[in-house]
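Q: Just one file: protein.cif, with mmCIF, C-alpha atoms.
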```cif
data_protein
#
loop_
_atom_site.label_atom_id
_atom_site.label_comp_id
_atom_site.auth_asym_id
_atom_site.auth_seq_id
_atom_site.Cartn_x
_atom_site.Cartn_y
_atom_site.Cartn_z
CA MET V 1 -4.85 -20.83 -15.27
CA ARG V 2 -6.59 -18.18 -17.36
CA ARG V 3 -5.63 -14.63 -16.37
CA ALA V 4 -8.32 -13.05 -14.20
CA ASP V 5 -10.28 -10.02 -15.36
CA VAL V 6 -11.88 -7.22 -13.35
CA ASP V 7 -15.15 -9.10 -12.88
CA GLU V 8 -13.27 -12.07 -11.45
CA PHE V 9 -11.52 -9.81 -8.94
CA VAL V 10 -14.84 -8.25 -7.91
CA ARG V 11 -16.37 -11.69 -7.47
CA ARG V 12 -13.46 -12.86 -5.31
CA PHE V 13 -13.50 -9.70 -3.17
CA ARG V 14 -17.22 -10.04 -2.56
CA ALA V 15 -16.72 -13.59 -1.37
CA SER V 16 -13.66 -12.74 0.72
CA PRO V 17 -13.23 -9.01 1.41
CA CYS V 18 -9.67 -9.13 2.71
CA GLY V 19 -6.82 -9.57 0.27
CA ALA V 20 -3.69 -11.03 1.86
CA ALA V 21 -0.76 -8.59 1.75
CA VAL V 22 2.47 -10.57 2.11
CA LYS V 23 6.08 -9.54 2.56
CA SER V 24 7.81 -12.83 3.39
CA GLU V 25 7.89 -16.53 2.60
CA ALA V 26 6.18 -17.35 5.90
CA GLU V 27 3.36 -14.92 5.15
CA LEU V 28 3.01 -16.35 1.65
CA GLY V 29 2.59 -19.82 3.11
CA ALA V 30 -0.13 -18.58 5.42
CA ALA V 31 -1.81 -16.63 2.64
CA VAL V 32 -2.09 -19.54 0.20
CA ALA V 33 -3.57 -21.65 3.01
CA SER V 34 -6.08 -18.95 3.99
CA GLY V 35 -9.51 -18.06 2.72
CA ALA V 36 -8.30 -14.90 0.97
CA GLY V 37 -9.23 -14.76 -2.70
CA ALA V 38 -6.24 -12.67 -3.75
CA VAL V 39 -2.63 -12.50 -2.60
CA PHE V 40 -0.78 -9.18 -2.84
CA LEU V 41 3.00 -9.53 -3.13
CA LEU V 42 4.62 -6.48 -1.53
CA ARG V 43 8.19 -7.77 -1.28
CA GLY V 44 10.51 -10.29 -2.82
CA ASP V 45 12.66 -10.92 -5.84
CA GLY V 46 10.70 -9.66 -8.80
CA LEU V 47 13.04 -11.52 -11.14
CA GLN V 48 12.09 -14.90 -9.61
CA LEU V 49 8.35 -14.42 -9.39
CA ALA V 50 6.98 -17.04 -11.78
CA PRO V 51 7.14 -19.95 -9.27
CA VAL V 52 5.58 -17.76 -6.59
CA VAL V 53 2.71 -16.82 -8.88
CA ARG V 54 2.22 -20.49 -9.83
CA ARG V 55 2.02 -21.40 -6.14
CA ILE V 56 -0.68 -18.77 -5.63
CA HIS V 57 -2.61 -19.97 -8.67
CA ASP V 58 -2.30 -23.60 -7.54
CA ALA V 59 -4.10 -22.52 -4.36
CA ASP V 60 -6.89 -21.08 -6.57
CA LYS V 61 -6.10 -17.48 -5.67
CA LEU V 62 -5.35 -14.43 -7.75
CA ALA V 63 -1.83 -13.01 -7.80
CA VAL V 64 -1.29 -9.27 -7.48
CA VAL V 65 2.23 -7.84 -7.67
CA HIS V 66 3.32 -4.44 -6.42
CA LEU V 67 5.52 -3.10 -9.20
CA ASP V 68 7.04 -0.34 -7.06
CA LEU V 69 7.98 -2.57 -4.12
CA VAL V 70 9.33 -5.87 -5.46
CA ASP V 71 13.07 -5.95 -5.99
CA GLY V 72 14.81 -6.09 -9.32
CA VAL V 73 12.03 -4.84 -11.59
CA ALA V 74 11.80 -1.24 -12.78
CA SER V 75 8.52 0.67 -12.62
CA ASP V 76 8.38 1.05 -16.39
CA ILE V 77 6.77 -0.59 -19.39
CA ALA V 78 9.42 -3.30 -19.68
CA GLY V 79 8.99 -4.08 -15.98
CA VAL V 80 5.24 -4.44 -16.47
CA ARG V 81 5.81 -6.81 -19.40
CA TRP V 82 8.12 -8.91 -17.25
CA LEU V 83 5.52 -9.28 -14.51
CA ALA V 84 2.87 -10.13 -17.09
CA ARG V 85 5.15 -12.90 -18.37
CA CYS V 86 5.50 -14.18 -14.80
CA GLY V 87 1.74 -14.74 -14.78
CA ALA V 88 0.56 -11.94 -12.49
CA ASP V 89 -3.18 -11.27 -12.69
CA ALA V 90 -2.92 -7.66 -11.56
CA ILE V 91 -0.23 -5.08 -10.95
CA ILE V 92 -0.25 -2.24 -8.40
CA SER V 93 1.66 0.98 -8.83
CA SER V 94 1.49 4.60 -7.77
CA HIS V 95 2.76 5.69 -11.18
CA GLY V 96 0.23 6.63 -13.84
CA GLN V 97 2.51 5.70 -16.71
CA ALA V 98 2.95 2.19 -15.31
CA ILE V 99 -0.80 1.85 -14.84
CA ARG V 100 -1.40 2.66 -18.50
CA ALA V 101 1.20 0.02 -19.44
CA VAL V 102 -0.52 -2.56 -17.23
CA ARG V 103 -3.80 -2.01 -19.02
CA ALA V 104 -2.09 -2.17 -22.40
CA GLU V 105 -0.73 -5.59 -21.43
CA GLY V 106 -4.23 -6.80 -20.63
CA LEU V 107 -3.69 -7.11 -16.89
CA VAL V 108 -5.84 -5.65 -14.15
CA ALA V 109 -4.39 -2.30 -13.05
CA ILE V 110 -4.57 -1.08 -9.46
CA GLN V 111 -3.41 2.47 -8.78
CA ARG V 112 -2.45 3.56 -5.29
CA LEU V 113 -3.93 6.77 -3.92
CA LEU V 114 -1.77 8.03 -1.06
CA CYS V 115 -3.84 10.11 1.36
CA LEU V 116 -1.36 12.25 3.28
CA SER V 117 -2.84 15.71 2.78
CA GLN V 118 -5.62 17.43 0.87
CA VAL V 119 -3.11 18.64 -1.70
CA GLY V 120 -1.82 15.09 -2.09
CA VAL V 121 -5.31 13.63 -2.43
CA GLU V 122 -6.20 16.16 -5.10
CA LEU V 123 -3.04 15.44 -7.10
CA GLY V 124 -3.59 11.71 -6.70
CA LEU V 125 -7.15 11.91 -7.98
CA VAL V 126 -5.99 13.85 -11.05
CA ALA V 127 -3.39 11.13 -11.69
CA VAL V 128 -6.09 8.46 -11.34
CA SER V 129 -8.39 10.21 -13.80
CA ARG V 130 -5.56 10.34 -16.33
CA ALA V 131 -4.37 6.76 -15.90
CA GLN V 132 -7.82 5.11 -15.76
CA PRO V 133 -6.97 2.10 -13.56
CA ASP V 134 -9.38 -0.79 -12.98
CA PHE V 135 -9.21 -0.35 -9.19
CA VAL V 136 -7.89 2.30 -6.83
CA GLU V 137 -6.22 1.33 -3.56
CA LEU V 138 -6.47 4.05 -0.90
CA LEU V 139 -3.79 4.25 1.79
CA PRO V 140 -3.95 4.37 4.75
CA GLY V 141 -7.22 2.49 4.45
CA ALA V 142 -8.20 2.98 8.09
CA ILE V 143 -9.01 6.66 7.45
CA LEU V 144 -11.42 6.03 4.58
CA PRO V 145 -14.53 6.86 6.67
CA SER V 146 -13.07 10.35 7.26
CA VAL V 147 -12.01 11.08 3.69
CA ALA V 148 -14.73 9.30 1.72
CA ASP V 149 -16.35 12.65 0.90
CA LEU V 150 -13.13 13.82 -0.76
CA VAL V 151 -12.46 10.66 -2.70
CA LEU V 152 -15.55 8.67 -3.63
CA PRO V 153 -17.37 11.33 -5.68
CA ARG V 154 -14.31 11.49 -7.93
CA LEU V 155 -13.94 7.76 -8.55
CA THR V 156 -15.64 5.67 -11.21
CA VAL V 157 -13.91 2.38 -10.36
CA PRO V 158 -14.07 0.12 -7.29
CA LEU V 159 -12.01 1.14 -4.27
CA LEU V 160 -9.70 -1.03 -2.18
CA ALA V 161 -8.36 0.16 1.17
CA GLY V 162 -5.04 -0.86 2.71
CA GLY V 163 -3.00 0.22 5.71
CA PHE V 164 -3.66 0.02 9.46
CA VAL V 165 -6.88 -1.97 9.07
CA ARG V 166 -6.39 -4.12 12.16
CA ASP V 167 -9.55 -6.01 13.01
CA GLY V 168 -12.99 -7.01 11.85
CA GLY V 169 -14.50 -3.77 13.12
CA ASP V 170 -12.10 -1.76 10.99
CA VAL V 171 -12.96 -3.91 7.96
CA ARG V 172 -16.68 -3.35 8.43
CA ARG V 173 -16.23 0.42 8.88
CA VAL V 174 -14.05 0.73 5.80
CA ILE V 175 -16.41 -1.32 3.64
CA ALA V 176 -19.42 0.58 4.96
CA ALA V 177 -17.63 3.80 3.97
CA GLY V 178 -17.44 2.65 0.36
CA ALA V 179 -14.54 0.23 -0.16
CA LEU V 180 -15.14 -2.97 -2.09
CA ALA V 181 -12.41 -4.76 -0.14
CA VAL V 182 -9.40 -4.38 2.13
CA THR V 183 -5.77 -5.36 1.68
CA THR V 184 -4.14 -6.34 4.95
CA SER V 185 -1.15 -8.17 6.41
CA GLU V 186 -3.26 -9.09 9.45
CA ARG V 187 -3.56 -12.86 9.05
CA SER V 188 -6.62 -13.19 11.26
CA LEU V 189 -8.58 -11.18 8.69
CA TRP V 190 -7.70 -13.31 5.69
CA ASN V 191 -10.44 -15.81 6.49
CA LEU V 192 -13.15 -13.21 6.88
CA ALA V 193 -16.15 -14.07 4.73
CA GLY V 194 -18.00 -11.46 2.75
CA ARG V 195 -21.04 -11.20 0.54
CA HIS V 196 -21.46 -14.06 -1.91
CA MET M 1 23.61 37.08 10.64
CA GLU M 2 26.31 34.62 11.58
CA PRO M 3 25.96 31.14 10.13
CA GLY M 4 25.14 28.58 12.75
CA ARG M 5 23.41 31.00 15.07
CA PRO M 6 20.37 29.35 16.67
CA ALA M 7 16.97 30.51 15.40
CA LEU M 8 15.42 30.52 18.83
CA ALA M 9 16.78 29.53 22.20
CA THR M 10 13.85 27.33 23.19
CA PRO M 11 11.46 26.94 20.29
CA GLY M 12 8.05 25.51 21.11
CA LEU M 13 5.22 23.94 19.21
CA PRO M 14 1.77 25.59 19.35
CA ARG M 15 -1.08 23.15 19.98
CA LEU M 16 -2.89 24.26 16.84
CA LEU M 17 -1.18 25.18 13.61
CA CYS M 18 -3.10 26.51 10.67
CA SER M 19 -2.20 25.03 7.28
CA SER M 20 -1.29 27.48 4.54
CA THR M 21 0.11 27.26 1.02
CA GLY M 22 1.25 30.86 0.88
CA HIS M 23 -1.32 33.16 2.40
CA LEU M 24 -1.47 34.24 6.01
CA PRO M 25 -4.94 33.64 7.38
CA HIS M 26 -6.90 36.18 9.38
CA PRO M 27 -5.85 36.23 13.02
CA ASP M 28 -7.55 33.56 15.07
CA PRO M 29 -6.91 33.53 18.83
CA GLU M 30 -7.20 29.75 18.86
CA ILE M 31 -4.42 29.30 16.33
CA GLY M 32 -0.90 29.51 17.70
CA GLY M 33 1.07 29.06 14.52
CA ILE M 34 1.07 28.65 10.76
CA LEU M 35 2.43 25.62 8.93
CA VAL M 36 3.40 26.58 5.40
CA HIS M 37 3.79 23.98 2.66
CA ASP M 38 3.60 23.61 -1.11
CA LEU M 39 4.84 27.13 -1.80
CA SER M 40 7.84 28.65 -3.53
CA LEU M 41 11.07 29.76 -1.92
CA ILE M 42 10.27 33.37 -2.80
CA GLU M 43 6.87 33.11 -1.09
CA LEU M 44 8.45 31.53 1.96
CA VAL M 45 10.97 34.35 2.31
CA ARG M 46 8.17 36.90 1.91
CA LEU M 47 6.05 35.25 4.60
CA SER M 48 8.93 34.89 7.01
CA ALA M 49 9.56 38.63 6.86
CA ARG M 50 6.03 39.49 7.95
CA SER M 51 4.81 39.78 11.48
CA ALA M 52 2.86 36.59 11.95
CA PRO M 53 2.14 33.81 14.37
CA GLN M 54 4.86 31.27 14.83
CA LEU M 55 5.85 29.84 11.46
CA ALA M 56 6.57 26.18 10.75
CA VAL M 57 7.71 24.98 7.34
CA ASP M 58 7.40 21.64 5.55
CA VAL M 59 10.81 21.86 3.91
CA ASP M 60 10.32 19.05 1.40
CA THR M 61 7.42 20.84 -0.31
CA VAL M 62 9.12 24.22 -0.84
CA GLU M 63 9.74 24.65 -4.56
CA GLY M 64 13.17 26.04 -5.29
CA LEU M 65 14.74 24.88 -2.04
CA ALA M 66 17.31 22.11 -2.18
CA HIS M 67 17.17 19.25 0.29
CA ASP M 68 20.59 19.87 1.75
CA ALA M 69 22.48 21.33 4.68
CA THR M 70 22.82 24.77 3.10
CA ALA M 71 19.04 25.05 2.78
CA ILE M 72 18.48 24.06 6.40
CA ALA M 73 21.09 26.57 7.59
CA PHE M 74 19.32 29.27 5.58
CA LEU M 75 15.93 28.47 7.13
CA ALA M 76 17.32 28.34 10.65
CA THR M 77 19.79 31.19 10.70
CA ARG M 78 18.62 33.64 8.03
CA LEU M 79 14.84 33.22 8.10
CA ARG M 80 14.90 32.16 11.76
CA LEU M 81 12.04 29.74 11.29
CA PRO M 82 11.37 28.12 14.65
CA VAL M 83 9.84 24.84 13.44
CA VAL M 84 11.22 22.72 10.59
CA ILE M 85 9.61 19.55 9.23
CA THR M 86 11.39 17.21 6.84
CA ARG M 87 11.36 13.55 5.79
CA ARG M 88 15.16 13.48 5.83
CA PRO M 89 16.56 12.35 9.19
CA ALA M 90 19.96 14.03 8.71
CA LEU M 91 18.36 17.38 7.88
CA ALA M 92 16.02 17.12 10.86
CA ALA M 93 18.98 16.48 13.13
CA GLN M 94 20.83 19.43 11.61
CA ALA M 95 17.84 21.74 12.09
CA ARG M 96 17.71 20.74 15.75
CA THR M 97 21.41 21.45 16.14
CA LEU M 98 20.80 24.92 14.74
CA GLY M 99 18.18 25.59 17.38
CA CYS M 100 14.97 24.81 15.53
CA LEU M 101 12.29 22.54 16.80
CA ALA M 102 12.76 19.78 14.26
CA LEU M 103 10.19 17.15 13.35
CA LEU M 104 10.86 14.10 11.21
CA HIS M 105 7.97 13.79 8.76
CA VAL M 106 6.73 10.20 8.80
CA HIS M 107 4.38 9.14 6.02
CA CYS M 108 2.15 6.70 7.79
CA LEU M 109 0.51 4.72 4.97
CA ASP M 110 0.96 1.13 6.10
CA SER M 111 2.95 -0.88 8.61
CA THR M 112 5.80 -1.53 6.18
CA GLY M 113 6.41 2.14 5.48
CA TRP M 114 6.03 2.92 9.16
CA GLU M 115 8.79 0.51 10.15
CA ARG M 116 11.15 1.84 7.50
CA ALA M 117 10.58 5.49 8.46
CA MET M 118 10.84 4.91 12.19
CA SER M 119 14.03 2.89 11.89
CA ALA M 120 15.72 6.01 10.49
CA HIS M 121 14.32 8.40 13.12
CA PRO M 122 17.12 10.32 14.89
CA GLY M 123 15.13 10.16 18.13
CA PRO M 124 14.73 12.88 20.74
CA PRO M 125 15.07 15.82 20.72
CA VAL M 126 13.87 15.53 17.11
CA GLY M 127 10.11 15.05 17.26
CA THR M 128 7.67 13.50 14.82
CA ALA M 129 5.17 14.84 12.30
CA ILE M 130 2.71 12.07 11.39
CA SER M 131 0.89 12.24 8.07
CA PRO M 132 -1.98 11.94 7.62
CA GLY M 133 -2.77 13.33 11.05
CA LEU M 134 -6.00 11.34 11.00
CA ILE M 135 -4.09 8.07 11.30
CA LEU M 136 -2.81 8.80 14.80
CA ALA M 137 -6.17 7.82 16.28
CA HIS M 138 -6.01 4.50 14.40
CA LEU M 139 -2.60 3.39 15.65
CA ASP M 140 -2.37 1.02 18.56
CA ALA M 141 -0.96 2.28 21.85
CA ARG M 142 2.40 0.54 21.33
CA LEU M 143 3.04 2.36 18.06
CA ARG M 144 1.86 5.69 19.41
CA GLY M 145 4.03 5.30 22.47
CA SER M 146 7.11 4.69 20.32
CA LEU M 147 6.91 8.10 18.64
CA PRO M 148 9.62 10.57 19.66
CA ARG M 149 7.91 13.69 20.94
CA PRO M 150 6.68 16.26 20.33
CA VAL M 151 4.17 14.66 17.97
CA LEU M 152 2.39 16.73 15.33
CA ALA M 153 -0.71 15.33 13.60
CA TYR M 154 -0.31 16.72 10.10
CA GLY M 155 -2.75 16.27 7.25
CA LEU M 156 -6.46 15.73 6.58
CA VAL M 157 -7.66 16.68 10.07
CA ARG M 158 -10.69 18.77 9.07
CA GLN M 159 -13.33 18.32 11.74
CA PRO M 160 -13.25 19.33 15.43
CA ALA M 161 -13.96 15.73 16.41
CA GLU M 162 -10.94 14.58 14.38
CA ARG M 163 -8.77 17.20 16.07
CA ASP M 164 -9.97 16.05 19.49
CA ALA M 165 -9.30 12.42 18.55
CA ALA M 166 -5.73 13.30 17.54
CA PHE M 167 -5.10 15.00 20.87
CA ALA M 168 -6.66 12.07 22.71
CA ALA M 169 -4.33 9.76 20.79
CA GLY M 170 -1.30 11.64 22.05
CA ALA M 171 -0.70 14.48 19.61
CA ASP M 172 1.07 17.46 21.13
CA ALA M 173 -0.09 19.60 18.20
CA VAL M 174 -2.47 19.35 15.27
CA VAL M 175 -2.50 21.01 11.86
CA VAL M 176 -5.95 22.29 10.88
CA PRO M 177 -7.38 24.26 7.96
CA PHE M 178 -8.24 27.83 8.85
CA ALA M 179 -11.92 28.51 9.46
CA GLY M 180 -14.07 30.03 6.73
CA SER M 181 -11.47 29.50 4.05
CA GLU M 182 -10.51 27.18 1.25
CA GLY M 183 -7.47 26.20 3.26
CA THR M 184 -6.10 22.72 2.82
CA CYS M 185 -4.59 20.43 5.38
#
```
Take the structure from the file and write it as structure tokens.

A:
Amino acid sequence: MRRADVDEFVRRFRASPCGAAVKSEAELGAAVASGAGAVFLLRGDGLQLAPVVRRIHDADKLAVVHLDLVDGVASDIAGVRWLARCGADAIISSHGQAIRAVRAEGLVAIQRLLCLSQVGVELGLVAVSRAQPDFVELLPGAILPSVADLVLPRLTVPLLAGGFVRDGGDVRRVIAAGALAVTTSERSLWNLAGRH
Amino acid sequence: MEPGRPALATPGLPRLLCSSTGHLPHPDPEIGGILVHDLSLIELVRLSARSAPQLAVDVDTVEGLAHDATAIAFLATRLRLPVVITRRPALAAQARTLGCLALLHVHCLDSTGWERAMSAHPGPPVGTAISPGLILAHLDARLRGSLPRPVLAYGLVRQPAERDAAFAAGADAVVVPFAGSEGTC
């Protein structure tokens, strides 16, 4: 399977606005059987990822790996190269240096923006402007409607929102506030259809 | 002052705390306390010496202050700060033992992080500071009900409606920016 580019991710998210965030084998099984266009791996053995990525690709979905959360792989350039070799389409990290490495490897880079305080948002936006990711993922996504005025004017790339998005109403509110898509572990949302 | 002496016999938590990174805001009768964060140790000592509303401190953001038992003892017994917030469960428990109202700072970004943080919570009488404070209104009743009290909604609550929503969701106190300022929250 050819590695997906940014346009492919956008196309998938428009068709299916909820990426499946998985932390276990059981969730992975449900995710590959769902309508989600992308699977986000938030747990697991990062040193044994290639078969997992192949399974996701075999289900015609994109594989996104969270560099900071999978076990066994450091959040550095060598760790990024390892995940690229495993076949990941995109890598998520909160670290600007890792994001730059992801782009250098030709993968799609997703930088997390942790919204805990105004000071934290400001620092995070500065880090985003330096690292130049392909997407930003805002957490917790459920609060996007309340912080969109702080964040969106400063972004030039599409926004994902993850964290405490629990139902279809939340998804609609978050997307109406400016997110392209949502990442969620809520299985009932993985089959939600979007714009085609 | 003797080490180990309690800061206050029965410290309380004002319903509204004004967020500050080093300056004391103009007096506001609605504001019961100041929560200081992202400042230096020298600034913290200076502020604590001034006559001011009740002072709470986000320990983990004080530059120059170690994250250890000596630092907590200093805040509680020398500066006599009545409210201490930290992400470290052991330090929160220590602050409570020294007579402070201690709040474990829980970064509430997603369900995974929530479970990890709450599993390490010392439990009552250590309370909970939830960041961002906005998220409290988005949690289901089961999660909100599991929070050891008092509960402080801390971070990004900027509008009166958001403050009201946090109280309606069970917050005992809310951190707000001070009116007419460039204050952050």

Q: Evaluating the PyMOL selection byres ((chain V) within 9 of (chain M)) on the displayed file yields which residues, as a PyMOL selection string?

A: chain V and resi 23+114-119+139-143+146-147+162-166+185

Q: Quick one: pull the distance between CA of Val36 (chain M) and CA of Ala148 (chain V), Å, one decimal.

A: 25.3 Å

Q: Please, what distance in Å, to one decimal, runs between CA of Phe135 (chain V) and CA of Ala153 (chain M)?

A: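 Result for CA of Phe135 (chain V) versus CA of Ala153 (chain M): 28.9 Å, one decimal.
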
Q: Mind giving me the straight-line distance from CA of Gly33 (chain M) to CA of Cys18 (chain M) in Å, one decimal?

A: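 Going from CA of Gly33 (chain M) over to CA of Cys18 (chain M) covers 6.2 Å.
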
Q: For Val84 (chain M), list every protein, DNA or RNA residue within 9 Å, evaluated using all atoms listed in the file, and leave out those in the same chain fewer than 5 positions away; present the list as a list in words.

A: Leu55, Ala56, Val57, Asp58, Val59, Ile72, Leu75, Ala76, Ala92, Ala95, Arg96, Cys100, Leu101, Ala102, Leu103 and Leu104 of chain M

Q: Step by step, work through what the PyMOL selection byres ((chain V and resi 45) around 9) selects in the shown file, and finish by giving those residues as a ChimeraX atom specification.

A: /V:43-44,46-49,70-73

Q: Give me the residues within 7 Å of Arg112 (chain V) as a PyMOL selection string, counting only C-alpha atoms and dropping any in the same chain fewer than 6 places off.

A: chain V and resi 92-94+136-138

Q: Just checking: using all atoms listed in the file, which residue out of M:Ala73, M:Arg46, M:Glu115, M:Leu147 ends up closest to Thr97 (chain M)?

A: M:Ala73

Q: Return as a ChimeraX atom specification the set of residues that the PyMOL selection byres ((chain M and resi 128) around 10) yields on the displayed structure.

A: /M:85-87,92,102-106,118,121-127,129-131,147-154,171-172

Q: Which residues are close to Ile34 (chain M), i.e. within 9 Å by all atoms listed in the file, leaving aside same-chain residues fewer than 5 positions away? Reply as a VMD selection string.

A: chain M and resid 16 to 20 24 to 25 52 to 57 175

Q: Using all atoms listed in the file, which of the listed residues (V:Cys18, V:Val174, V:Val128, V:Ile56) sits closest to Val32 (chain V)?

A: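 Of V:Cys18, V:Val174, V:Val128, V:Ile56, the one nearest Val32 (chain V), counting all atoms listed in the file, is V:Ile56.
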
Q: Find the residue from V:Asn191, V:Gln111, V:Thr184, V:Ser24 that sits nearest to Pro158 (chain V); use only C-alpha atoms when measuring.

A: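 Going through V:Asn191, V:Gln111, V:Thr184, V:Ser24 one by one, the smallest distance to Pro158 (chain V) is for V:Gln111.
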
Q: Hey, could you patch up region 53-72 of chain V with N, CA and C atoms and hand it over as a PDB file, keeping the file's coordinate frame?

A:
```pdb
ATOM      1  N   VAL V  53       4.039 -17.017  -8.291  1.00  0.00           N
ATOM      2  CA  VAL V  53       2.710 -16.820  -8.880  1.00  0.00           C
ATOM      3  C   VAL V  53       2.030 -18.167  -9.121  1.00  0.00           C
ATOM      4  N   ARG V  54       2.797 -19.145  -9.603  1.00  0.00           N
ATOM      5  CA  ARG V  54       2.220 -20.490  -9.830  1.00  0.00           C
ATOM      6  C   ARG V  54       1.694 -21.082  -8.519  1.00  0.00           C
ATOM      7  N   ARG V  55       2.440 -20.876  -7.455  1.00  0.00           N
ATOM      8  CA  ARG V  55       2.020 -21.400  -6.140  1.00  0.00           C
ATOM      9  C   ARG V  55       0.693 -20.753  -5.712  1.00  0.00           C
ATOM     10  N   ILE V  56       0.565 -19.481  -5.973  1.00  0.00           N
ATOM     11  CA  ILE V  56      -0.680 -18.770  -5.630  1.00  0.00           C
ATOM     12  C   ILE V  56      -1.833 -19.292  -6.488  1.00  0.00           C
ATOM     13  N   HIS V  57      -1.571 -19.452  -7.768  1.00  0.00           N
ATOM     14  CA  HIS V  57      -2.610 -19.970  -8.670  1.00  0.00           C
ATOM     15  C   HIS V  57      -2.991 -21.403  -8.309  1.00  0.00           C
ATOM     16  N   ASP V  58      -2.010 -22.203  -7.922  1.00  0.00           N
ATOM     17  CA  ASP V  58      -2.300 -23.600  -7.540  1.00  0.00           C
ATOM     18  C   ASP V  58      -3.230 -23.660  -6.330  1.00  0.00           C
ATOM     19  N   ALA V  59      -3.200 -22.591  -5.513  1.00  0.00           N
ATOM     20  CA  ALA V  59      -4.100 -22.520  -4.360  1.00  0.00           C
ATOM     21  C   ALA V  59      -5.431 -21.861  -4.732  1.00  0.00           C
ATOM     22  N   ASP V  60      -5.651 -21.683  -6.045  1.00  0.00           N
ATOM     23  CA  ASP V  60      -6.890 -21.080  -6.570  1.00  0.00           C
ATOM     24  C   ASP V  60      -7.092 -19.642  -6.074  1.00  0.00           C
ATOM     25  N   LYS V  61      -6.016 -18.898  -6.054  1.00  0.00           N
ATOM     26  CA  LYS V  61      -6.100 -17.480  -5.670  1.00  0.00           C
ATOM     27  C   LYS V  61      -5.510 -16.623  -6.778  1.00  0.00           C
ATOM     28  N   LEU V  62      -5.858 -15.367  -6.754  1.00  0.00           N
ATOM     29  CA  LEU V  62      -5.350 -14.430  -7.750  1.00  0.00           C
ATOM     30  C   LEU V  62      -4.054 -13.799  -7.243  1.00  0.00           C
ATOM     31  N   ALA V  63      -3.141 -13.545  -8.168  1.00  0.00           N
ATOM     32  CA  ALA V  63      -1.830 -13.010  -7.800  1.00  0.00           C
ATOM     33  C   ALA V  63      -1.712 -11.548  -8.228  1.00  0.00           C
ATOM     34  N   VAL V  64      -1.456 -10.698  -7.240  1.00  0.00           N
ATOM     35  CA  VAL V  64      -1.290  -9.270  -7.480  1.00  0.00           C
ATOM     36  C   VAL V  64       0.128  -8.894  -7.076  1.00  0.00           C
ATOM     37  N   VAL V  65       0.840  -8.204  -7.952  1.00  0.00           N
ATOM     38  CA  VAL V  65       2.230  -7.840  -7.670  1.00  0.00           C
ATOM     39  C   VAL V  65       2.363  -6.335  -7.601  1.00  0.00           C
ATOM     40  N   HIS V  66       3.087  -5.878  -6.558  1.00  0.00           N
ATOM     41  CA  HIS V  66       3.320  -4.440  -6.420  1.00  0.00           C
ATOM     42  C   HIS V  66       4.580  -4.068  -7.179  1.00  0.00           C
ATOM     43  N   LEU V  67       4.402  -3.435  -8.314  1.00  0.00           N
ATOM     44  CA  LEU V  67       5.520  -3.100  -9.200  1.00  0.00           C
ATOM     45  C   LEU V  67       6.557  -2.222  -8.510  1.00  0.00           C
ATOM     46  N   ASP V  68       6.112  -1.306  -7.659  1.00  0.00           N
ATOM     47  CA  ASP V  68       7.040  -0.340  -7.060  1.00  0.00           C
ATOM     48  C   ASP V  68       7.820  -0.935  -5.881  1.00  0.00           C
ATOM     49  N   LEU V  69       7.387  -2.066  -5.358  1.00  0.00           N
ATOM     50  CA  LEU V  69       7.980  -2.570  -4.120  1.00  0.00           C
ATOM     51  C   LEU V  69       8.806  -3.844  -4.288  1.00  0.00           C
ATOM     52  N   VAL V  70       8.512  -4.660  -5.309  1.00  0.00           N
ATOM     53  CA  VAL V  70       9.330  -5.870  -5.460  1.00  0.00           C
ATOM     54  C   VAL V  70      10.713  -5.475  -5.985  1.00  0.00           C
ATOM     55  N   ASP V  71      11.695  -6.262  -5.615  1.00  0.00           N
ATOM     56  CA  ASP V  71      13.070  -5.950  -5.990  1.00  0.00           C
ATOM     57  C   ASP V  71      13.366  -6.374  -7.431  1.00  0.00           C
ATOM     58  N   GLY V  72      14.240  -5.639  -8.056  1.00  0.00           N
ATOM     59  CA  GLY V  72      14.810  -6.090  -9.320  1.00  0.00           C
ATOM     60  C   GLY V  72      14.057  -5.695 -10.568  1.00  0.00           C
TER      61      GLY V  72
END
```
